[in-house]
Every structure is written in C-alpha cells, then in structure tokens.
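Data file: structure_4.txt. Format and content: compact mmCIF, C-alpha atoms.
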```
# COMPACT_ATOMS: atom_id res chain seq x y z
CA MET A 102 -56.73 105.98 0.20
CA SER A 103 -54.67 108.37 -1.88
CA LYS A 104 -53.36 107.27 -5.25
CA ALA A 105 -49.71 107.56 -4.17
CA ARG A 106 -50.25 105.36 -1.16
CA HIS A 107 -52.06 102.78 -3.23
CA THR A 108 -49.14 102.61 -5.64
CA SER A 109 -46.66 102.05 -2.80
CA THR A 110 -48.74 99.23 -1.45
CA LEU A 111 -48.80 97.47 -4.85
CA VAL A 112 -45.07 97.86 -5.19
CA ALA A 113 -44.53 96.33 -1.77
CA LEU A 114 -46.80 93.37 -2.52
CA SER A 115 -45.00 92.74 -5.80
CA ALA A 116 -41.70 92.71 -4.01
CA VAL A 117 -42.99 90.26 -1.45
CA LEU A 118 -44.27 87.93 -4.21
CA VAL A 119 -41.04 88.16 -6.11
CA LEU A 120 -38.95 87.41 -3.02
CA GLY A 121 -41.21 84.50 -2.08
CA GLY A 122 -40.95 82.90 -5.51
CA THR A 123 -37.22 83.37 -5.56
CA SER A 124 -36.90 81.70 -2.16
CA ALA A 125 -39.03 78.76 -3.27
CA ILE A 126 -36.99 78.34 -6.42
CA ALA A 127 -33.77 78.57 -4.43
CA GLY A 128 -35.02 75.89 -2.01
CA THR A 129 -35.92 73.59 -4.83
CA VAL A 130 -32.58 74.14 -6.50
CA ALA A 131 -30.82 73.52 -3.18
CA ARG A 132 -32.68 70.25 -2.58
CA GLU A 133 -31.95 68.85 -6.07
CA PRO A 134 -28.12 68.83 -5.71
CA ALA A 135 -28.46 67.19 -2.30
CA ALA A 136 -30.63 64.40 -3.71
CA ALA A 137 -28.29 63.93 -6.66
CA SER A 138 -25.34 63.69 -4.31
CA SER A 139 -27.15 61.06 -2.21
CA SER A 140 -27.86 59.03 -5.34
CA VAL A 141 -24.21 59.15 -6.40
CA VAL A 142 -23.12 58.00 -2.95
CA ALA A 143 -25.63 55.15 -3.01
CA VAL A 144 -24.46 54.01 -6.46
CA SER A 145 -20.82 54.18 -5.36
CA GLN A 146 -21.57 52.18 -2.23
CA SER A 147 -23.47 49.59 -4.27
CA ARG A 148 -20.56 49.25 -6.67
CA ALA A 149 -18.13 48.92 -3.79
CA ASN A 150 -20.27 46.22 -2.21
CA ALA A 151 -20.45 44.40 -5.58
CA ASP A 152 -16.69 44.63 -5.92
CA VAL A 153 -16.26 43.20 -2.43
CA ARG A 154 -18.58 40.31 -3.28
CA VAL A 155 -16.72 39.65 -6.52
CA ASN A 156 -13.37 39.74 -4.74
CA ARG A 157 -14.63 37.35 -2.08
CA SER A 158 -15.99 34.99 -4.71
CA THR A 159 -12.69 35.15 -6.61
CA ASP A 160 -10.77 34.43 -3.41
CA ARG A 161 -12.98 31.45 -2.67
CA LEU A 162 -12.48 30.11 -6.19
CA SER A 163 -8.72 30.59 -5.89
CA GLN A 164 -8.71 28.82 -2.54
CA LEU A 165 -10.74 25.94 -3.99
CA ALA A 166 -8.39 25.70 -6.98
CA ARG A 167 -5.33 25.68 -4.72
CA ALA A 168 -6.91 23.05 -2.47
CA LYS A 169 -7.80 20.91 -5.48
CA LYS A 170 -4.28 21.24 -6.89
CA LEU A 171 -2.72 20.35 -3.53
CA ALA A 172 -5.01 17.32 -3.16
CA ALA A 173 -4.06 16.16 -6.68
CA GLN A 174 -0.35 16.57 -5.90
CA GLN A 175 -0.71 14.64 -2.65
CA ALA A 176 -2.64 11.86 -4.40
CA ALA A 177 0.03 11.67 -7.13
CA ALA A 178 2.77 11.55 -4.50
CA ARG A 179 1.00 8.73 -2.65
CA LYS A 180 0.49 6.82 -5.91
CA ALA A 181 4.16 7.26 -6.85
CA ALA A 182 5.26 6.12 -3.37
CA LEU A 183 3.05 3.03 -3.59
CA LYS A 184 4.41 2.28 -7.08
CA ARG A 185 8.02 2.62 -5.86
CA ALA A 186 7.29 0.39 -2.88
CA ALA A 187 5.66 -2.24 -5.12
CA ALA A 188 8.60 -2.12 -7.55
CA LYS A 189 11.08 -2.45 -4.68
CA LYS A 190 9.14 -5.40 -3.26
CA ALA A 191 8.97 -7.08 -6.68
CA ALA A 192 12.70 -6.52 -7.23
CA ALA A 193 13.51 -8.00 -3.84
CA LYS A 194 11.31 -11.02 -4.58
CA GLN A 195 12.94 -11.51 -7.98
CA ALA A 196 16.37 -11.21 -6.38
CA ARG A 197 15.45 -13.91 -3.86
CA ILE A 198 14.15 -16.17 -6.65
CA THR A 199 17.28 -15.60 -8.74
CA ALA A 200 19.53 -16.27 -5.76
CA ALA A 201 17.61 -19.46 -4.95
CA LYS A 202 17.88 -20.63 -8.58
CA ARG A 203 21.60 -19.91 -8.65
CA ALA A 204 22.11 -21.74 -5.38
CA ALA A 205 20.12 -24.73 -6.66
CA ALA A 206 22.04 -24.75 -9.95
CA LYS A 207 25.35 -24.49 -8.10
CA LYS A 208 24.34 -27.32 -5.79
CA ALA A 209 23.25 -29.50 -8.72
CA ALA A 210 26.50 -28.76 -10.60
CA ALA A 211 28.54 -29.60 -7.51
CA LYS A 212 26.62 -32.86 -7.10
CA LYS A 213 27.23 -33.78 -10.75
CA ALA A 214 30.90 -32.92 -10.39
CA ARG A 215 31.19 -35.12 -7.30
CA ILE A 216 29.47 -37.99 -9.10
CA ALA A 217 31.69 -37.60 -12.16
CA ALA A 218 34.80 -37.38 -9.98
CA ALA A 219 33.74 -40.47 -8.07
CA ARG A 220 33.16 -42.37 -11.30
CA LYS A 221 36.51 -41.36 -12.70
CA ALA A 222 38.24 -42.28 -9.46
CA ALA A 223 36.54 -45.68 -9.46
CA ALA A 224 37.42 -46.17 -13.11
CA LYS A 225 41.01 -45.20 -12.39
CA ARG A 226 41.23 -47.68 -9.55
CA SER A 227 39.65 -50.32 -11.76
CA SER A 228 42.05 -49.49 -14.57
CA ARG A 229 45.05 -49.88 -12.27
CA SER A 230 43.81 -53.24 -11.11
CA TYR A 231 43.33 -54.40 -14.68
CA VAL A 232 46.75 -53.08 -15.66
CA ARG A 233 48.35 -55.00 -12.80
CA SER A 234 46.48 -58.14 -13.77
CA GLY A 235 47.02 -57.60 -17.50
CA SER A 236 43.38 -58.40 -18.12
CA TYR A 237 41.13 -56.18 -20.26
CA PRO A 238 37.89 -58.10 -20.50
CA THR A 239 35.22 -57.62 -23.10
CA SER A 240 32.42 -58.18 -20.60
CA SER A 241 29.88 -55.80 -22.21
CA PRO A 242 28.46 -55.44 -25.73
CA ALA A 243 30.16 -52.05 -26.09
CA LYS A 244 33.57 -53.50 -25.19
CA ARG A 245 33.14 -56.47 -27.48
CA TYR A 246 32.14 -54.18 -30.34
CA ALA A 247 35.08 -51.83 -29.77
CA ALA A 248 37.55 -54.73 -29.45
CA SER A 249 36.45 -55.96 -32.86
CA LEU A 250 37.43 -52.62 -34.41
CA VAL A 251 40.98 -52.14 -33.09
CA THR A 252 44.17 -54.20 -33.23
CA GLY A 253 45.24 -56.24 -30.25
CA ALA A 254 48.02 -53.81 -29.26
CA GLN A 255 45.61 -50.86 -29.20
CA TRP A 256 42.86 -52.60 -27.25
CA PRO A 257 44.37 -52.20 -23.75
CA CYS A 258 44.91 -48.44 -24.39
CA LEU A 259 41.35 -47.93 -25.63
CA TRP A 260 39.98 -50.04 -22.79
CA LEU A 261 41.84 -48.00 -20.16
CA LEU A 262 40.97 -44.67 -21.84
CA TRP A 263 37.22 -45.17 -21.94
CA GLU A 264 37.16 -46.98 -18.61
CA ARG A 265 38.53 -43.78 -17.09
CA GLU A 266 36.24 -41.48 -19.08
CA SER A 267 32.88 -43.20 -18.59
CA GLY A 268 33.27 -46.74 -17.32
CA TRP A 269 32.11 -47.67 -20.84
CA SER A 270 28.60 -46.43 -20.05
CA PRO A 271 26.67 -45.10 -23.07
CA ARG A 272 24.65 -42.85 -20.71
CA SER A 273 27.49 -41.34 -18.72
CA ARG A 274 27.42 -37.53 -18.57
CA SER A 275 29.90 -34.99 -17.27
CA GLY A 276 28.80 -31.44 -18.03
CA PRO A 277 28.53 -31.08 -21.81
CA TYR A 278 30.28 -34.42 -22.38
CA PHE A 279 28.21 -37.54 -22.96
CA GLY A 280 28.52 -41.22 -23.77
CA ILE A 281 31.27 -43.86 -23.73
CA ALA A 282 33.89 -41.59 -25.31
CA GLN A 283 32.68 -38.49 -23.39
CA LEU A 284 32.52 -36.27 -26.46
CA ARG A 285 30.92 -32.84 -26.57
CA GLY A 286 27.78 -32.79 -28.68
CA GLU A 287 27.15 -36.53 -28.50
CA THR A 288 23.38 -37.19 -28.53
CA SER A 289 22.96 -40.86 -29.38
CA THR A 290 22.55 -43.47 -26.64
CA ASP A 291 23.41 -46.34 -28.99
CA PHE A 292 26.79 -47.79 -27.91
CA GLU A 293 27.81 -48.72 -31.48
CA VAL A 294 27.22 -45.15 -32.69
CA GLN A 295 29.18 -43.80 -29.71
CA VAL A 296 32.10 -46.21 -30.23
CA ASP A 297 32.30 -45.33 -33.94
CA HIS A 298 32.17 -41.62 -33.12
CA GLY A 299 34.85 -42.02 -30.44
CA LEU A 300 37.24 -43.96 -32.68
CA ARG A 301 36.86 -41.38 -35.48
CA TYR A 302 37.69 -38.61 -32.99
CA ILE A 303 40.77 -40.51 -31.71
CA LYS A 304 42.02 -41.22 -35.24
CA HIS A 305 41.57 -37.59 -36.33
CA ARG A 306 43.16 -36.06 -33.23
CA TYR A 307 45.75 -38.60 -32.00
CA GLY A 308 46.10 -41.28 -34.67
CA THR A 309 45.78 -44.27 -32.33
CA PRO A 310 44.12 -45.14 -28.98
CA CYS A 311 47.54 -45.57 -27.37
CA ASN A 312 48.52 -41.99 -28.35
CA ALA A 313 45.21 -40.76 -26.91
CA TRP A 314 45.81 -42.75 -23.71
CA ALA A 315 49.34 -41.35 -23.34
CA HIS A 316 47.96 -37.80 -23.69
CA SER A 317 45.26 -38.56 -21.12
CA GLN A 318 47.90 -39.88 -18.73
CA ARG A 319 49.86 -36.63 -19.01
CA THR A 320 46.96 -34.14 -18.89
CA GLY A 321 43.96 -35.95 -17.44
CA TRP A 322 41.93 -35.47 -20.62
CA TYR A 323 42.13 -36.39 -24.30
```
Rewritten as structure tokens:
Amino acid sequence: MSKARHTSTLVALSAVLVLGGTSAIAGTVAREPAAASSSVVAVSQSRANADVRVNRSTDRLSQLARAKKLAAQQAAARKAALKRAAAKKAAAKQARITAAKRAAAKKAAAKKARIAAARKAAAKRSSRSYVRSGSYPTSSPAKRYAASLVTGAQWPCLWLLWERESGWSPRSRSGPYFGIAQLRGETSTDFEVQVDHGLRYIKHRYGTPCNAWAHSQRTGWY
C-alpha cells in the first residue's frame, strides 16, 4: 500500500470513530431528558393523588362534623320540646289544683255564710218573740254575767243585740268575727272575757247597749 493511501484510510477510520462516539453521546443525552421528564410526571401525579386523598379526607371530616352538629341540634330541640311539654303539663296540673282549692274555699265560705245567716235569722225570730213577750231571760251563765254588769233599762237592748249577733254563744264565728259580741280579733273562748270585751267596745263606740242596738236595727251591724 502506498503511503498516501494509508493516510486516507486512517483519516476515514478516525472520522468513523468520531461520528460513532458523537452518536453514542447524543443518544445518552437524549435519553436523560426523557427519563427526567418521566420522573417529573410521576412526582406530579403522586402529589395530585395525595392532594385528592387529603381533599377526600377533609370532606369526610367536614361531613362528620356537620352530621355531629346536626345530631346535637336535633337532640337539643327534642330536649327543649320535652321540657316545654313537661312545664305545660305541670302548669295545667297546678291550675287544676288551684281551681279545685278555690272552689273548695268558695264552697266552705258559702256554707259558713249560710250557717251564719241561719243563726242570725233564728236569733232575730227569737228576739222578736222575746220582745213581744217582754221576757229577756238570763238562762245561761253568759247572760247572767252580762245582766249583772248593766242597768235594768239597758239589759233588754244588750240581750237583743247579742242574741242577734251570736245567740250568746262564746264559740260563734262569722268570718273574722268571733264570740258572743262577734268582735274582730277576739281569741278567748271564756264568756266572761268576751262579755267584758264586748261591753268595753259598746261603751267606747256607742256609749250604751241601747244606742248600739238602735244602730244595729238601722244598719244590720254595730
């Protein structure tokens, strides 16, 4: 082989080697960006999937919180309704009890009033009969005691007055009035104490039993 030809061959081989190396390098460089791009895509997809899971978990927690809140509101509403119903029932029961008590008290007061009216009517009839007969007997200890404390002219007036008021009973009651003289605030059941109290009241207010009897005749009370 000539020297010139040998040189051409070497040049050609060098070119081939250079081109081959360049191609290999280019292939490697081309593959590296593709792999990097795949990695980026995978990371992005993983993050997206994680975000989806987080969002789903958050939604479930929100749903649970809303359900819990709704259940608490419903329970509170039921409790409040039961409390209102119980209060309404208790109020109705108390109203019935109060109405029954008022009715009983009204009935008892009416009964007492009828008894007192009947006693006064009987005493009035008795008084009229005694007035017609002119007899004012001292047939009870209370009457005998009272007759010993007043003058003869005043005795018929006192007799008629207290006969109308109580029938001379030391336990007679008409509302707040009690005793022979039917005075408010009287507490003693002793006829002497009641007679003394009654005579003091008559003297202070009317002067004499006959003045008190005249007032009672005009007004129905003294």
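Minimum atom-to-atom distances from A:Gln164, A:Val296, A:Leu284, A:Lys202 to Pro242 (chain A) were compared using only C-alpha atoms, and the lowest value belongs to A:Val296.
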Can you pull out every residue within 12 Å of Arg285 (chain A), counting all atoms listed in the file, but drop anything in the same chain fewer than 5 positions away, and send it as JSON, numbers by chain? {"A": [274, 275, 276, 277, 278, 279, 280, 295, 298, 299, 302, 323]}
What gap, in Å, lies between CA of Phe292 (chain A) and CA of Ser241 (chain A)?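 Distance between the two atoms: 10.3 Å.
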Straight-line distance linking CA of Ala254 (chain A) with CA of Arg301 (chain A), stated in Å to one decimal: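 According to the coordinates, CA of Ala254 (chain A) and CA of Arg301 (chain A) are separated by 17.8 Å.
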Distance criterion (all atoms listed in the file): nearest to Val294 (chain A) out of A:Arg197, A:Trp269, A:Ala313, A:Ala243: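 Nearest to Val294 (chain A): A:Ala243.
Candidate residues A:Glu266, A:Arg154, A:Glu293, A:His305 were compared for distance to Ser249 (chain A), and the nearest is A:Glu293, using only C-alpha atoms.
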For Trp260 (chain A), find every residue with an atom within 10 Å (counting only C-alpha atoms), except residues of its own chain fewer than 3 positions away, and show them as a PyMOL selection string. chain A and resi 228+231+237-239+244+247-248+255-257+263-265+268-269+310-311+314
